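Visitor: Contents are PDB, C-alpha atoms; file name coords34.pdb:
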```
ATOM      1  CA  MET A 269      -1.866 -48.088  39.653
ATOM      2  CA  LYS A 270      -4.616 -45.547  39.062
ATOM      3  CA  LEU A 271      -7.983 -45.574  40.803
ATOM      4  CA  LEU A 272     -11.322 -44.940  39.105
ATOM      5  CA  THR A 273     -14.284 -44.200  41.382
ATOM      6  CA  ALA A 274     -17.763 -44.985  40.058
ATOM      7  CA  ILE A 275     -20.273 -42.804  41.951
ATOM      8  CA  VAL A 276     -23.797 -44.223  42.009
ATOM      9  CA  PRO A 277     -26.555 -42.030  43.541
ATOM     10  CA  CYS A 278     -29.419 -44.223  44.780
ATOM     11  CA  TYR A 279     -32.911 -43.429  45.975
ATOM     12  CA  ASN A 280     -35.166 -46.455  46.492
ATOM     13  CA  GLU A 281     -33.188 -48.578  44.039
ATOM     14  CA  GLU A 282     -33.112 -51.902  45.901
ATOM     15  CA  GLN A 283     -34.336 -53.743  42.787
ATOM     16  CA  ALA A 284     -31.876 -52.099  40.394
ATOM     17  CA  VAL A 285     -28.672 -52.206  42.492
ATOM     18  CA  PRO A 286     -28.005 -55.977  42.093
ATOM     19  CA  PHE A 287     -28.426 -55.730  38.295
ATOM     20  CA  PHE A 288     -26.112 -52.729  38.216
ATOM     21  CA  TYR A 289     -23.457 -54.499  40.294
ATOM     22  CA  GLU A 290     -23.466 -57.608  38.099
ATOM     23  CA  GLU A 291     -23.206 -55.499  34.955
ATOM     24  CA  MET A 292     -20.362 -53.476  36.469
ATOM     25  CA  LYS A 293     -18.434 -56.651  37.329
ATOM     26  CA  LYS A 294     -18.562 -57.678  33.663
ATOM     27  CA  THR A 295     -17.490 -54.205  32.533
ATOM     28  CA  ILE A 296     -14.636 -54.065  35.073
ATOM     29  CA  ALA A 297     -13.328 -57.411  33.786
ATOM     30  CA  ILE A 298     -13.362 -56.142  30.192
ATOM     31  CA  PHE A 299     -11.894 -52.814  31.309
ATOM     32  CA  GLY A 300      -9.097 -54.549  33.242
ATOM     33  CA  ALA A 301      -8.032 -56.555  30.208
ATOM     34  CA  LYS A 302      -7.471 -53.327  28.249
ATOM     35  CA  TYR A 303      -6.249 -51.117  31.099
ATOM     36  CA  PRO A 304      -4.572 -53.376  33.702
ATOM     37  CA  ASP A 305      -3.131 -50.372  35.539
ATOM     38  CA  VAL A 306      -6.583 -49.108  36.609
ATOM     39  CA  GLU A 307      -8.417 -50.258  39.732
ATOM     40  CA  PHE A 308     -12.100 -49.610  40.511
ATOM     41  CA  GLU A 309     -14.115 -48.618  43.539
ATOM     42  CA  LEU A 310     -17.916 -48.452  43.563
ATOM     43  CA  LEU A 311     -19.244 -45.653  45.749
ATOM     44  CA  PHE A 312     -23.005 -45.895  46.336
ATOM     45  CA  VAL A 313     -24.660 -42.763  47.735
ATOM     46  CA  ASP A 314     -27.924 -43.666  49.471
ATOM     47  CA  ASP A 315     -30.054 -40.528  49.269
ATOM     48  CA  GLY A 316     -32.272 -41.289  52.269
ATOM     49  CA  SER A 317     -33.968 -44.317  50.680
ATOM     50  CA  THR A 318     -37.090 -45.633  52.413
ATOM     51  CA  ASP A 319     -36.730 -49.172  51.040
ATOM     52  CA  HIS A 320     -33.878 -51.677  51.533
ATOM     53  CA  THR A 321     -31.383 -50.048  49.165
ATOM     54  CA  LEU A 322     -28.795 -49.557  51.908
ATOM     55  CA  ASP A 323     -29.161 -53.161  53.111
ATOM     56  CA  VAL A 324     -28.517 -54.416  49.571
ATOM     57  CA  VAL A 325     -25.418 -52.236  49.291
ATOM     58  CA  LYS A 326     -24.150 -53.477  52.665
ATOM     59  CA  GLU A 327     -24.449 -57.073  51.446
ATOM     60  CA  LEU A 328     -22.418 -56.151  48.385
ATOM     61  CA  ARG A 329     -19.818 -54.571  50.651
ATOM     62  CA  LYS A 330     -19.447 -57.826  52.617
ATOM     63  CA  ALA A 331     -18.693 -59.710  49.401
ATOM     64  CA  ASP A 332     -16.610 -57.054  47.651
ATOM     65  CA  GLU A 333     -14.285 -54.573  49.349
ATOM     66  CA  ARG A 334     -14.332 -52.379  46.276
ATOM     67  CA  VAL A 335     -17.846 -51.332  47.318
ATOM     68  CA  ARG A 336     -18.171 -48.275  49.561
ATOM     69  CA  TYR A 337     -21.238 -46.310  50.541
ATOM     70  CA  VAL A 338     -22.493 -43.066  52.044
ATOM     71  CA  SER A 339     -25.986 -42.924  53.538
ATOM     72  CA  PHE A 340     -27.778 -39.597  54.078
ATOM     73  CA  SER A 341     -29.821 -38.743  57.159
ATOM     74  CA  ARG A 342     -32.758 -37.959  54.841
ATOM     75  CA  ASN A 343     -33.499 -37.384  51.163
ATOM     76  CA  PHE A 344     -31.410 -34.373  50.067
ATOM     77  CA  GLY A 345     -31.861 -34.878  46.317
ATOM     78  CA  LYS A 346     -29.686 -36.161  43.503
ATOM     79  CA  GLU A 347     -27.639 -32.964  43.277
ATOM     80  CA  ALA A 348     -26.523 -33.397  46.888
ATOM     81  CA  ALA A 349     -25.793 -37.088  46.228
ATOM     82  CA  ILE A 350     -23.582 -36.183  43.266
ATOM     83  CA  TYR A 351     -21.688 -33.639  45.341
ATOM     84  CA  ALA A 352     -21.243 -36.088  48.237
ATOM     85  CA  GLY A 353     -20.011 -38.789  45.879
ATOM     86  CA  ILE A 354     -17.385 -36.531  44.331
ATOM     87  CA  GLU A 355     -16.328 -35.281  47.772
ATOM     88  CA  LYS A 356     -15.976 -38.795  49.225
ATOM     89  CA  SER A 357     -14.342 -40.322  46.157
ATOM     90  CA  LYS A 358     -10.660 -41.250  46.272
ATOM     91  CA  GLY A 359     -10.108 -41.914  42.583
ATOM     92  CA  ASP A 360      -7.691 -40.279  40.185
ATOM     93  CA  TYR A 361     -10.714 -40.377  37.879
ATOM     94  CA  VAL A 362     -14.393 -40.076  38.762
ATOM     95  CA  VAL A 363     -17.388 -41.365  36.832
ATOM     96  CA  LEU A 364     -21.047 -40.621  37.658
ATOM     97  CA  MET A 365     -23.590 -43.331  36.867
ATOM     98  CA  ASP A 366     -27.242 -44.117  37.573
ATOM     99  CA  ALA A 367     -28.118 -47.390  39.266
ATOM    100  CA  ASP A 368     -30.968 -48.134  36.841
ATOM    101  CA  LEU A 369     -28.556 -49.000  33.967
ATOM    102  CA  GLN A 370     -29.860 -46.181  31.786
ATOM    103  CA  ASP A 371     -26.184 -45.209  31.756
ATOM    104  CA  PRO A 372     -24.631 -48.233  29.977
ATOM    105  CA  PRO A 373     -21.416 -49.383  31.732
ATOM    106  CA  SER A 374     -20.216 -50.776  28.396
ATOM    107  CA  LEU A 375     -19.304 -47.195  27.370
ATOM    108  CA  LEU A 376     -16.755 -46.880  30.178
ATOM    109  CA  PRO A 377     -13.670 -48.103  28.240
ATOM    110  CA  GLU A 378     -14.392 -45.642  25.420
ATOM    111  CA  MET A 379     -14.996 -42.825  27.899
ATOM    112  CA  TYR A 380     -11.752 -43.568  29.755
ATOM    113  CA  ALA A 381      -9.834 -43.687  26.475
ATOM    114  CA  ALA A 382     -10.933 -40.124  25.737
ATOM    115  CA  ILE A 383      -9.159 -38.963  28.895
ATOM    116  CA  ALA A 384      -6.186 -41.322  29.073
ATOM    117  CA  GLU A 385      -5.311 -41.428  25.358
ATOM    118  CA  GLU A 386      -6.915 -38.405  23.664
ATOM    119  CA  GLY A 387      -6.095 -35.718  26.232
ATOM    120  CA  TYR A 388      -9.623 -34.724  27.261
ATOM    121  CA  ASP A 389     -10.441 -33.659  30.820
ATOM    122  CA  SER A 390     -13.886 -35.202  30.666
ATOM    123  CA  ALA A 391     -15.991 -37.561  28.571
ATOM    124  CA  ALA A 392     -19.731 -36.953  28.791
ATOM    125  CA  THR A 393     -22.791 -38.623  27.280
ATOM    126  CA  ARG A 394     -25.973 -37.383  25.678
ATOM    127  CA  ARG A 395     -29.076 -39.177  24.414
ATOM    128  CA  THR A 396     -29.909 -38.915  20.732
ATOM    129  CA  THR A 397     -33.485 -40.113  21.305
ATOM    130  CA  ARG A 398     -36.013 -40.035  24.142
ATOM    131  CA  LYS A 399     -37.641 -43.339  23.273
ATOM    132  CA  GLY A 400     -39.769 -44.646  26.131
ATOM    133  CA  GLU A 401     -40.431 -41.228  27.682
ATOM    134  CA  PRO A 402     -43.933 -39.708  27.759
ATOM    135  CA  PRO A 403     -44.286 -37.387  24.717
ATOM    136  CA  ILE A 404     -45.263 -34.356  26.803
ATOM    137  CA  ARG A 405     -42.194 -34.810  29.011
ATOM    138  CA  SER A 406     -39.912 -35.039  25.963
ATOM    139  CA  PHE A 407     -41.517 -31.938  24.453
ATOM    140  CA  PHE A 408     -40.960 -29.808  27.548
ATOM    141  CA  ALA A 409     -37.413 -31.147  27.958
ATOM    142  CA  ARG A 410     -36.535 -29.988  24.441
ATOM    143  CA  CYS A 411     -38.178 -26.630  25.124
ATOM    144  CA  PHE A 412     -36.103 -26.242  28.289
ATOM    145  CA  TYR A 413     -32.802 -26.835  26.512
ATOM    146  CA  ARG A 414     -33.735 -24.410  23.730
ATOM    147  CA  LEU A 415     -34.722 -21.810  26.330
ATOM    148  CA  MET A 416     -31.499 -22.273  28.299
ATOM    149  CA  GLY A 417     -29.515 -21.875  25.083
ATOM    150  CA  LYS A 418     -31.041 -18.429  24.635
ATOM    151  CA  LEU A 419     -31.061 -17.283  28.268
ATOM    152  CA  SER A 420     -27.707 -18.503  29.551
ATOM    153  CA  LYS A 421     -24.123 -18.009  28.425
ATOM    154  CA  THR A 422     -23.196 -21.329  30.056
ATOM    155  CA  GLU A 423     -23.260 -24.256  27.621
ATOM    156  CA  ILE A 424     -25.910 -26.835  28.532
ATOM    157  CA  VAL A 425     -26.103 -29.594  25.916
ATOM    158  CA  ASP A 426     -29.504 -30.912  24.845
ATOM    159  CA  GLY A 427     -30.032 -34.485  26.018
ATOM    160  CA  ALA A 428     -26.996 -34.412  28.324
ATOM    161  CA  ARG A 429     -26.890 -37.111  30.979
ATOM    162  CA  ASP A 430     -25.159 -37.040  34.347
ATOM    163  CA  TYR A 431     -23.156 -40.033  33.067
ATOM    164  CA  ARG A 432     -19.674 -38.527  32.807
ATOM    165  CA  ILE A 433     -16.074 -39.410  33.576
ATOM    166  CA  MET A 434     -13.671 -36.668  34.625
ATOM    167  CA  THR A 435     -10.183 -36.106  35.915
ATOM    168  CA  ARG A 436      -9.480 -35.336  39.550
ATOM    169  CA  THR A 437      -8.681 -31.755  38.578
ATOM    170  CA  MET A 438     -12.140 -31.215  37.121
ATOM    171  CA  ALA A 439     -13.780 -33.013  40.067
ATOM    172  CA  ASP A 440     -12.009 -30.684  42.492
ATOM    173  CA  ALA A 441     -13.150 -27.676  40.455
ATOM    174  CA  ILE A 442     -16.766 -28.837  40.845
ATOM    175  CA  LEU A 443     -16.251 -29.302  44.592
ATOM    176  CA  SER A 444     -14.980 -25.731  44.847
ATOM    177  CA  MET A 445     -18.488 -24.538  43.880
ATOM    178  CA  ARG A 446     -20.161 -25.065  47.241
ATOM    179  CA  GLU A 447     -23.460 -23.413  46.361
ATOM    180  CA  TYR A 448     -26.514 -24.855  48.113
ATOM    181  CA  ASN A 449     -28.842 -24.547  45.090
ATOM    182  CA  ARG A 450     -27.061 -26.841  42.673
ATOM    183  CA  PHE A 451     -27.655 -27.491  38.981
ATOM    184  CA  THR A 452     -24.863 -29.838  37.982
ATOM    185  CA  LYS A 453     -25.503 -29.736  34.231
ATOM    186  CA  GLY A 454     -24.824 -26.004  34.368
ATOM    187  CA  ILE A 455     -21.857 -26.411  36.713
ATOM    188  CA  TYR A 456     -20.166 -28.742  34.220
ATOM    189  CA  GLY A 457     -20.403 -26.062  31.558
ATOM    190  CA  TRP A 458     -19.378 -23.248  33.906
ATOM    191  CA  VAL A 459     -16.132 -24.857  35.141
ATOM    192  CA  GLY A 460     -15.163 -25.502  31.535
ATOM    193  CA  PHE A 461     -12.433 -28.063  30.735
ATOM    194  CA  LYS A 462     -12.037 -29.995  27.500
ATOM    195  CA  THR A 463     -14.959 -32.409  27.091
ATOM    196  CA  LYS A 464     -15.665 -35.133  24.542
ATOM    197  CA  TRP A 465     -19.332 -35.979  23.919
ATOM    198  CA  LEU A 466     -20.495 -39.529  23.251
ATOM    199  CA  GLU A 467     -23.983 -40.226  21.957
ATOM    200  CA  TYR A 468     -26.280 -43.207  22.492
ATOM    201  CA  GLU A 469     -29.959 -44.022  22.208
ATOM    202  CA  ASN A 470     -32.179 -43.887  25.271
ATOM    203  CA  ILE A 471     -32.211 -47.064  27.377
ATOM    204  CA  GLU A 472     -35.141 -47.962  29.608
ATOM    205  CA  ARG A 473     -34.707 -48.710  33.311
ATOM    206  CA  VAL A 474     -33.689 -52.241  34.227
ATOM    207  CA  ALA A 475     -35.977 -52.248  37.290
ATOM    208  CA  GLY A 476     -38.042 -49.944  39.494
ATOM    209  CA  GLU A 477     -39.663 -46.655  38.547
ATOM    210  CA  THR A 478     -38.320 -43.189  37.854
ATOM    211  CA  LYS A 479     -38.314 -40.775  40.807
ATOM    212  CA  TRP A 480     -38.583 -37.744  38.531
ATOM    213  CA  SER A 481     -42.182 -36.647  38.128
ATOM    214  CA  PHE A 482     -43.165 -33.900  35.676
ATOM    215  CA  TRP A 483     -43.421 -31.313  38.456
ATOM    216  CA  LYS A 484     -40.052 -32.285  39.943
ATOM    217  CA  LEU A 485     -38.471 -31.828  36.535
ATOM    218  CA  PHE A 486     -40.260 -28.497  36.139
ATOM    219  CA  ALA A 487     -38.917 -27.286  39.503
ATOM    220  CA  TYR A 488     -35.453 -28.550  38.522
ATOM    221  CA  SER A 489     -35.605 -26.591  35.265
ATOM    222  CA  LEU A 490     -36.481 -23.416  37.181
ATOM    223  CA  GLU A 491     -33.476 -24.120  39.393
ATOM    224  CA  GLY A 492     -31.264 -24.206  36.315
ATOM    225  CA  ILE A 493     -32.672 -21.003  34.839
ATOM    226  CA  VAL A 494     -32.284 -19.056  38.093
ATOM    227  CA  ALA A 495     -28.820 -20.501  38.801
ATOM    228  CA  PHE A 496     -27.271 -19.771  35.411
ATOM    229  CA  SER A 497     -29.113 -16.805  33.943
ATOM    230  CA  THR A 498     -30.119 -13.309  35.036
ATOM    231  CA  THR A 499     -32.085 -12.770  31.821
ATOM    232  CA  PRO A 500     -35.489 -13.137  33.572
ATOM    233  CA  LEU A 501     -34.597 -10.128  35.738
ATOM    234  CA  ALA A 502     -33.747  -8.145  32.624
ATOM    235  CA  LEU A 503     -37.069  -9.202  31.090
ATOM    236  CA  ALA A 504     -38.916  -8.019  34.188
ATOM    237  CA  MET A 505     -37.204  -4.629  33.873
ATOM    238  CA  GLY A 506     -38.047  -4.595  30.164
ATOM    239  CA  PHE A 507     -41.729  -5.200  30.897
ATOM    240  CA  GLY A 508     -41.720  -2.298  33.356
ATOM    241  CA  LEU A 509     -40.043   0.050  30.875
ATOM    242  CA  LEU A 510     -42.395  -1.012  28.069
ATOM    243  CA  PHE A 511     -45.525  -0.312  30.103
ATOM    244  CA  CYS A 512     -44.158   3.022  31.348
ATOM    245  CA  ILE A 513     -43.695   4.110  27.718
ATOM    246  CA  ALA A 514     -47.167   2.795  26.822
ATOM    247  CA  ALA A 515     -48.694   4.668  29.772
ATOM    248  CA  PHE A 516     -47.003   7.926  28.731
ATOM    249  CA  ILE A 517     -48.257   7.537  25.147
ATOM    250  CA  MET A 518     -51.788   6.819  26.371
ATOM    251  CA  ILE A 519     -51.718   9.934  28.595
ATOM    252  CA  VAL A 520     -50.797  12.077  25.578
ATOM    253  CA  VAL A 521     -53.545  10.408  23.481
ATOM    254  CA  ILE A 522     -56.174  10.978  26.199
ATOM    255  CA  ILE A 523     -55.209  14.668  26.578
ATOM    256  CA  ILE A 524     -55.394  15.235  22.802
ATOM    257  CA  ARG A 525     -58.697  13.353  22.509
ATOM    258  CA  ALA A 526     -60.236  15.268  25.421
ATOM    259  CA  SER A 527     -59.089  18.592  23.911
ATOM    260  CA  ILE A 528     -60.605  17.841  20.506
ATOM    261  CA  PHE A 529     -63.649  15.632  21.190
ATOM    262  CA  GLY A 530     -64.385  16.350  24.831
ATOM    263  CA  ASP A 531     -64.305  13.645  27.502
ATOM    264  CA  PRO A 532     -66.890  10.972  26.715
ATOM    265  CA  THR A 533     -67.414   8.294  29.347
ATOM    266  CA  SER A 534     -65.493   5.112  28.460
ATOM    267  CA  GLY A 535     -66.782   1.612  29.112
ATOM    268  CA  TRP A 536     -65.611  -0.138  32.269
ATOM    269  CA  PRO A 537     -64.763  -3.553  30.656
ATOM    270  CA  SER A 538     -61.750  -2.120  28.851
ATOM    271  CA  MET A 539     -60.555  -0.516  32.097
ATOM    272  CA  VAL A 540     -60.901  -3.802  33.982
ATOM    273  CA  CYS A 541     -58.926  -5.635  31.272
ATOM    274  CA  ILE A 542     -56.125  -3.068  31.481
ATOM    275  CA  ILE A 543     -55.995  -3.290  35.272
ATOM    276  CA  LEU A 544     -55.895  -7.099  35.177
ATOM    277  CA  LEU A 545     -53.157  -7.064  32.523
ATOM    278  CA  LEU A 546     -50.959  -4.640  34.431
ATOM    279  CA  GLY A 547     -51.630  -6.436  37.719
ATOM    280  CA  GLY A 548     -50.680  -9.765  36.142
ATOM    281  CA  ILE A 549     -47.458  -8.347  34.686
ATOM    282  CA  GLN A 550     -46.541  -6.845  38.065
ATOM    283  CA  LEU A 551     -47.149 -10.106  39.923
ATOM    284  CA  PHE A 552     -45.183 -12.010  37.281
ATOM    285  CA  CYS A 553     -42.194  -9.692  37.666
ATOM    286  CA  ILE A 554     -42.410  -9.825  41.457
ATOM    287  CA  GLY A 555     -42.459 -13.623  41.201
ATOM    288  CA  ILE A 556     -39.270 -13.591  39.122
ATOM    289  CA  MET A 557     -37.520 -11.376  41.659
ATOM    290  CA  GLY A 558     -38.885 -13.589  44.448
ATOM    291  CA  GLN A 559     -37.227 -16.649  42.909
ATOM    292  CA  TYR A 560     -33.824 -14.956  42.864
ATOM    293  CA  LEU A 561     -34.351 -13.560  46.359
ATOM    294  CA  SER A 562     -35.315 -16.967  47.762
ATOM    295  CA  LYS A 563     -32.176 -18.566  46.307
ATOM    296  CA  THR A 564     -30.058 -15.796  47.790
ATOM    297  CA  TYR A 565     -31.768 -16.331  51.152
ATOM    298  CA  LEU A 566     -30.978 -20.053  51.116
ATOM    299  CA  GLU A 567     -27.359 -19.415  50.129
ATOM    300  CA  THR A 568     -26.796 -16.937  52.974
ATOM    301  CA  LYS A 569     -27.936 -19.548  55.511
ATOM    302  CA  ASN A 570     -24.823 -21.531  54.580
ATOM    303  CA  ARG A 571     -26.459 -24.862  55.387
ATOM    304  CA  PRO A 572     -24.574 -28.082  54.548
ATOM    305  CA  ILE A 573     -25.375 -29.570  51.159
ATOM    306  CA  TYR A 574     -25.980 -32.957  52.810
ATOM    307  CA  ILE A 575     -25.717 -34.712  56.171
ATOM    308  CA  SER A 576     -24.201 -38.200  56.317
ATOM    309  CA  ARG A 577     -25.761 -40.700  58.737
ATOM    310  CA  GLU A 578     -23.509 -43.641  57.965
ATOM    311  CA  GLU A 579     -20.622 -44.345  55.610
ATOM    312  CA  VAL A 580     -17.836 -46.726  54.759
TER
END
```
Let me see the file written as structure tokens.
Guide:
Amino acid sequence: MKLLTAIVPCYNEEQAVPFFYEEMKKTIAIFGAKYPDVEFELLFVDDGSTDHTLDVVKELRKADERVRYVSFSRNFGKEAAIYAGIEKSKGDYVVLMDADLQDPPSLLPEMYAAIAEEGYDSAATRRTTRKGEPPIRSFFARCFYRLMGKLSKTEIVDGARDYRIMTRTMADAILSMREYNRFTKGIYGWVGFKTKWLEYENIERVAGETKWSFWKLFAYSLEGIVAFSTTPLALAMGFGLLFCIAAFIMIVVIIIRASIFGDPTSGWPSMVCIILLLGGIQLFCIGIMGQYLSKTYLETKNRPIYISREEV
């Protein structure tokens, strides 16, 4: 028998968890008819929820021994929950899923077939549409993926979800990357392995509300850029070189003009504009370097990615 671990990060999902569990029971029954040699375990990772998510999971555990859980001491974020789930999983195969049913469990048999029958190391999903999302959020999401495609050598697929099944070998490769500042979508691409992509249209949440605000997504995108590209540092150096050349040219122009036409008094507005421009460029470049420095600072502290308060 082979074991497949379904990892389900949860943060204030008490309304969605029962729907997810019932849907998974149906999928497991269908899955078992096609692959009778595969057993399931459901590993819920409670990311410091402030509602009754953990209590709901505990009730499921009483009724079904296939349910396991890990509860954090506080909210460490979804990236930490994903890492903890992979680390605590026992399965020969690992699948990451959201509790809100935006990752349809009905795709699981097809995803498993890609690994078991077609020789892939991983089967991942991506959305073909962003129906139901605010337009401005969809616009910036597309801009982010286009930007990452230009800045980073690591492949990050537009519309990629965390919904992915992988072999134990690939899961262990992800665990070997113990960096504190995690961007899993980039880590998937960095570790490599043969991946099959499955597409589906966006599905709205079954219950509850999204925990990802615009600003949280913006901060997460910055995390990805800093983690998987040094291009911003090169741009900062390019800005410095460009303005050094411009300054040298302007010095030559001023000397020639003063030699030919004298030295008429220039207006102060143009000088103020130049000072503000250069000052803004300098602060922008310092900010870029500060982002990389702050990530380095956090990595050198070697803090744990998460702290478990309770687990089964």
Visitor: Find the distance between atom CA of A:Ile573 and atom CA of A:Phe344 and write it in Å to one decimal.
Guide: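 So the two atoms, atom CA of A:Ile573 and atom CA of A:Phe344, lie 7.8 Å apart.
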Visitor: Applying 9 Å and all atoms listed in the file, which residues near A:Lys346 remain after dropping the ones on its own chain fewer than 6 positions away? List them as a list in words.
Guide: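 What passes the distance filter is Pro277, Cys278, Tyr279 and Asp315 of chain A.
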Visitor: List as a list in words the protein and nucleic acid residues near A:Gly387, meaning an atom at most 10 Å away when all atoms listed in the file are counted, but skip any in the same chain fewer than 5 places from it.
Guide: Ala381, Ala382, Lys462, Thr463 and Lys464 of chain A
Visitor: Using C-alpha atoms, can you write the selected residues to a file as an mmCIF file, in the frame of the given file?
Guide:
```cif
data_model
loop_
_atom_site.group_PDB
_atom_site.id
_atom_site.type_symbol
_atom_site.label_atom_id
_atom_site.label_comp_id
_atom_site.auth_asym_id
_atom_site.auth_seq_id
_atom_site.Cartn_x
_atom_site.Cartn_y
_atom_site.Cartn_z
ATOM 1 C CA ALA A 381 -9.834 -43.687 26.475
ATOM 2 C CA ALA A 382 -10.933 -40.124 25.737
ATOM 3 C CA LYS A 462 -12.037 -29.995 27.500
ATOM 4 C CA THR A 463 -14.959 -32.409 27.091
ATOM 5 C CA LYS A 464 -15.665 -35.133 24.542
#
```
Visitor: Near A:His320, within 12 Å and counting all atoms listed in the file, which residues show up once chain neighbours fewer than 6 positions away are dropped, as a list in words?
Guide: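 The neighbour list is Cys278, Tyr279, Asn280, Glu281, Glu282, Gln283, Ala284, Val285, Pro286, Asp314, Lys326, Glu327 and Ser339 of chain A.
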Visitor: Taking only C-alpha atoms into account, name the residue in A:Lys358, A:Arg410, A:Arg450, A:Arg395 that is nearest to A:Trp465.
Guide: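 When distances to A:Trp465 are compared using only C-alpha atoms, the smallest one comes from A:Arg395.
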Visitor: Skipping near chain neighbours, those fewer than 6 positions away, what residues fall within 7 Å of stretch 432-434 of chain A using all atoms listed in the file, listed as an NGL selection string?
Guide: :A and (361-364 or 379 or 389-393)
Visitor: Between atom CA of A:Val324 and atom CA of A:Val306, measure the distance and give it in Å to one decimal.
Guide: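 Separation between atom CA of A:Val324 and atom CA of A:Val306: 26.0 Å.
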Visitor: From the set A:Asp319, A:Glu291, A:Glu333, A:Asp305, which residue has the shortest atom-to-atom contact distance to A:Leu376, counting only C-alpha atoms?
Guide: A:Glu291
Visitor: Measuring between only C-alpha atoms, which one of A:Gly460, A:Thr295, A:Tyr388, A:Ala274 shows the shortest distance to A:Met365?
Guide: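 Counting only C-alpha atoms, the residue closest to A:Met365 is A:Ala274.
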Visitor: From the options A:Gly457, A:Gly300, A:Gly316, A:Pro372, which residue's atoms come nearest to A:Met438, counting all atoms listed in the file?
Guide: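 Ranked by minimum distance to A:Met438, first place goes to A:Gly457.
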Visitor: For each of A:Phe461, A:Tyr351, A:Phe511, A:Tyr468, take the minimum atom-to-atom distance to A:Leu443, counting only C-alpha atoms, then give the residue where this is smallest.
Guide: A:Tyr351
Visitor: Which polymer residues have any atom within 8 Å of an atom of stretch 501-510 of chain A, counting only C-alpha atoms, with same-chain residues fewer than 3 positions away left out, as number ranges by chain?
Guide: A: 498, 513-514, 549, 553, 556-557
Visitor: Could you jot down the atom CA of A:Ala331 to atom CA of A:Phe288 separation for me, Å, one decimal place?
Guide: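 If I compute the distance from atom CA of A:Ala331 to atom CA of A:Phe288, I get 15.1 Å.
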Visitor: Using only C-alpha atoms, which of the listed residues (A:Ile354, A:Leu272, A:Leu322, A:Leu551) sits closest to A:Ala439?
Guide: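 Result for the nearest residue to A:Ala439: A:Ile354.
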Visitor: Every residue with an atom at most 12 Å from (-27.3, -26.8, 52.3) (file coordinates; all atoms listed in the file) is what I'm after, so could you write them as an MDAnalysis selection string?
Guide: chainID A and resid 344:345 347:348 351:352 446:450 563 565:575
Visitor: Please, could you write that set of residues out with C-alpha atoms as a short mmCIF file (atom, residue, chain, number, x, y, z; two decimals), keeping the file's coordinate frame?
Guide:
```cif
data_model
loop_
_atom_site.label_atom_id
_atom_site.label_comp_id
_atom_site.auth_asym_id
_atom_site.auth_seq_id
_atom_site.Cartn_x
_atom_site.Cartn_y
_atom_site.Cartn_z
CA PHE A 344 -31.41 -34.37 50.07
CA GLY A 345 -31.86 -34.88 46.32
CA GLU A 347 -27.64 -32.96 43.28
CA ALA A 348 -26.52 -33.40 46.89
CA TYR A 351 -21.69 -33.64 45.34
CA ALA A 352 -21.24 -36.09 48.24
CA ARG A 446 -20.16 -25.06 47.24
CA GLU A 447 -23.46 -23.41 46.36
CA TYR A 448 -26.51 -24.86 48.11
CA ASN A 449 -28.84 -24.55 45.09
CA ARG A 450 -27.06 -26.84 42.67
CA LYS A 563 -32.18 -18.57 46.31
CA TYR A 565 -31.77 -16.33 51.15
CA LEU A 566 -30.98 -20.05 51.12
CA GLU A 567 -27.36 -19.42 50.13
CA THR A 568 -26.80 -16.94 52.97
CA LYS A 569 -27.94 -19.55 55.51
CA ASN A 570 -24.82 -21.53 54.58
CA ARG A 571 -26.46 -24.86 55.39
CA PRO A 572 -24.57 -28.08 54.55
CA ILE A 573 -25.38 -29.57 51.16
CA TYR A 574 -25.98 -32.96 52.81
CA ILE A 575 -25.72 -34.71 56.17
#
```
Visitor: Mind filling out stretch 343-349 of chain A with N, CA, C and O atoms and sending it as a PDB file, in the frame of the given file?
Guide:
```pdb
ATOM      1  N   ASN A 343     -33.613 -37.610  52.603  1.00  0.00           N
ATOM      2  CA  ASN A 343     -33.499 -37.384  51.163  1.00  0.00           C
ATOM      3  C   ASN A 343     -33.111 -35.924  50.893  1.00  0.00           C
ATOM      4  O   ASN A 343     -33.892 -35.013  51.149  1.00  0.00           O
ATOM      5  N   PHE A 344     -31.894 -35.715  50.386  1.00  0.00           N
ATOM      6  CA  PHE A 344     -31.410 -34.373  50.067  1.00  0.00           C
ATOM      7  C   PHE A 344     -31.476 -34.087  48.571  1.00  0.00           C
ATOM      8  O   PHE A 344     -31.240 -32.962  48.159  1.00  0.00           O
ATOM      9  N   GLY A 345     -31.777 -35.091  47.754  1.00  0.00           N
ATOM     10  CA  GLY A 345     -31.861 -34.878  46.317  1.00  0.00           C
ATOM     11  C   GLY A 345     -30.616 -35.361  45.587  1.00  0.00           C
ATOM     12  O   GLY A 345     -29.536 -35.511  46.168  1.00  0.00           O
ATOM     13  N   LYS A 346     -30.781 -35.605  44.292  1.00  0.00           N
ATOM     14  CA  LYS A 346     -29.686 -36.161  43.503  1.00  0.00           C
ATOM     15  C   LYS A 346     -28.497 -35.219  43.412  1.00  0.00           C
ATOM     16  O   LYS A 346     -27.340 -35.665  43.383  1.00  0.00           O
ATOM     17  N   GLU A 347     -28.750 -33.917  43.363  1.00  0.00           N
ATOM     18  CA  GLU A 347     -27.639 -32.964  43.277  1.00  0.00           C
ATOM     19  C   GLU A 347     -26.722 -33.085  44.489  1.00  0.00           C
ATOM     20  O   GLU A 347     -25.499 -33.056  44.360  1.00  0.00           O
ATOM     21  N   ALA A 348     -27.321 -33.213  45.671  1.00  0.00           N
ATOM     22  CA  ALA A 348     -26.523 -33.397  46.888  1.00  0.00           C
ATOM     23  C   ALA A 348     -25.780 -34.723  46.853  1.00  0.00           C
ATOM     24  O   ALA A 348     -24.627 -34.820  47.296  1.00  0.00           O
ATOM     25  N   ALA A 349     -26.431 -35.774  46.317  1.00  0.00           N
ATOM     26  CA  ALA A 349     -25.793 -37.088  46.228  1.00  0.00           C
ATOM     27  C   ALA A 349     -24.583 -37.046  45.291  1.00  0.00           C
ATOM     28  O   ALA A 349     -23.548 -37.666  45.574  1.00  0.00           O
TER      29      ALA A 349
END
```
